[in-house]
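Written out below as structure tokens is the structure these notes cover.
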Amino acid sequence: MGDQHFKETVELTLKVIGGKWKPVILCHLTEGTHRFGELKREMPAITQKMLTQQLRELEDDAIIERKVYVQVPPKVEYSLTGYGATVKELLNVMSKWGEQHQERYAKQHQE
């Protein structure tokens, strides 16, 4: 039964923050508040449509918040919520694993 719970909770985590772009967006937002255009410039390979979709999903899951300023031109900022900030620990673990994997991969391809 414990294994099933483990699988379900990992699956839920991936549903909320998984995929190609959400972890990258979250990494940028751990640095602080960003405007939409800033995020788009920092991730040139993402389409505007995909960035908008991913931001909306993260907002729906209360991971990020969207603040709209009523002005011309419109200004919208995105930041981590208090709850969303808890994802930093997970991103740090992912980064450490990625670093170890990169080193291992490099060693394998030197031989």
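Simple scheme: letters A, B, ... for chains in structure tokens order, numbers from 1 for residues in each chain, numbers from 1 for ligands in the order shown.
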Residue contacts of segment 17-27 of chain A (9 Å, only C-alpha atoms) excluding same-chain residues fewer than 2 positions away, as a VMD selection string: chain A and resid 12 to 15 29 to 31 39 43 46 50 to 51 54 to 55 58 63 to 64 79 to 80 84 87 to 88 91
Secondary structure check, helix (DSSP H, G or I) residues of segment 3-111 of chain A, as a VMD selection string: chain A and resid 3 to 17 22 to 30 36 to 42 48 to 60 84 to 108
Closest of A:Met94, A:Val76, A:Val16, A:Ala45 to Asp60 of chain A - atom-to-atom distances counting only C-alpha atoms: A:Val16
Distance of atom CA of Tyr78 of chain A from atom CA of Gly32 of chain A, expressed in Å to one decimal place: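 Between atom CA of Gly32 of chain A and atom CA of Tyr78 of chain A the gap is 8.7 Å.
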Counting only C-alpha atoms, the residue of A:Glu65, A:Leu90, A:Thr81, A:Glu38 that sits nearest Val10 of chain A: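 Closest to Val10 of chain A of all the choices is A:Leu90.
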Gap from atom CA of Arg41 of chain A to atom CA of Tyr105 of chain A - Å, one decimal: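 We find that atom CA of Arg41 of chain A and atom CA of Tyr105 of chain A lie 29.5 Å from each other.
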Members of chain A assigned strand (DSSP E or B) by DSSP, as a list in words: His34, Arg35, Ile64, Glu65, Arg66, Lys67, Val68, Tyr69, Lys75, Val76, Glu77, Tyr78, Ser79 and Leu80 of chain A
Atoms kept (C-alpha atoms) for selection, written as a PDB file, in the first residue's frame:
ATOM      1  CA  HIS A  34       8.955  38.747 -13.200  1.00  0.00           C
ATOM      2  CA  ARG A  35       6.833  40.357 -15.860  1.00  0.00           C
ATOM      3  CA  ILE A  64       2.173  31.486  -8.439  1.00  0.00           C
ATOM      4  CA  GLU A  65       0.198  34.687  -8.236  1.00  0.00           C
ATOM      5  CA  ARG A  66      -0.562  37.132 -10.986  1.00  0.00           C
ATOM      6  CA  LYS A  67      -0.754  40.813 -10.169  1.00  0.00           C
ATOM      7  CA  VAL A  68      -2.331  43.131 -12.726  1.00  0.00           C
ATOM      8  CA  TYR A  69      -1.620  46.861 -12.639  1.00  0.00           C
ATOM      9  CA  LYS A  75       1.540  45.621 -16.567  1.00  0.00           C
ATOM     10  CA  VAL A  76       1.289  42.074 -15.204  1.00  0.00           C
ATOM     11  CA  GLU A  77       3.713  40.537 -12.733  1.00  0.00           C
ATOM     12  CA  TYR A  78       4.121  36.931 -11.651  1.00  0.00           C
ATOM     13  CA  SER A  79       5.612  35.712  -8.388  1.00  0.00           C
ATOM     14  CA  LEU A  80       5.614  32.627  -6.215  1.00  0.00           C
TER      15      LEU A  80
END
Atom-to-atom span, atom CA of Lys40 of chain A and atom CA of Gln53 of chain A, Å: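 Taking atom CA of Lys40 of chain A as the start and atom CA of Gln53 of chain A as the end point, the length is 12.7 Å.
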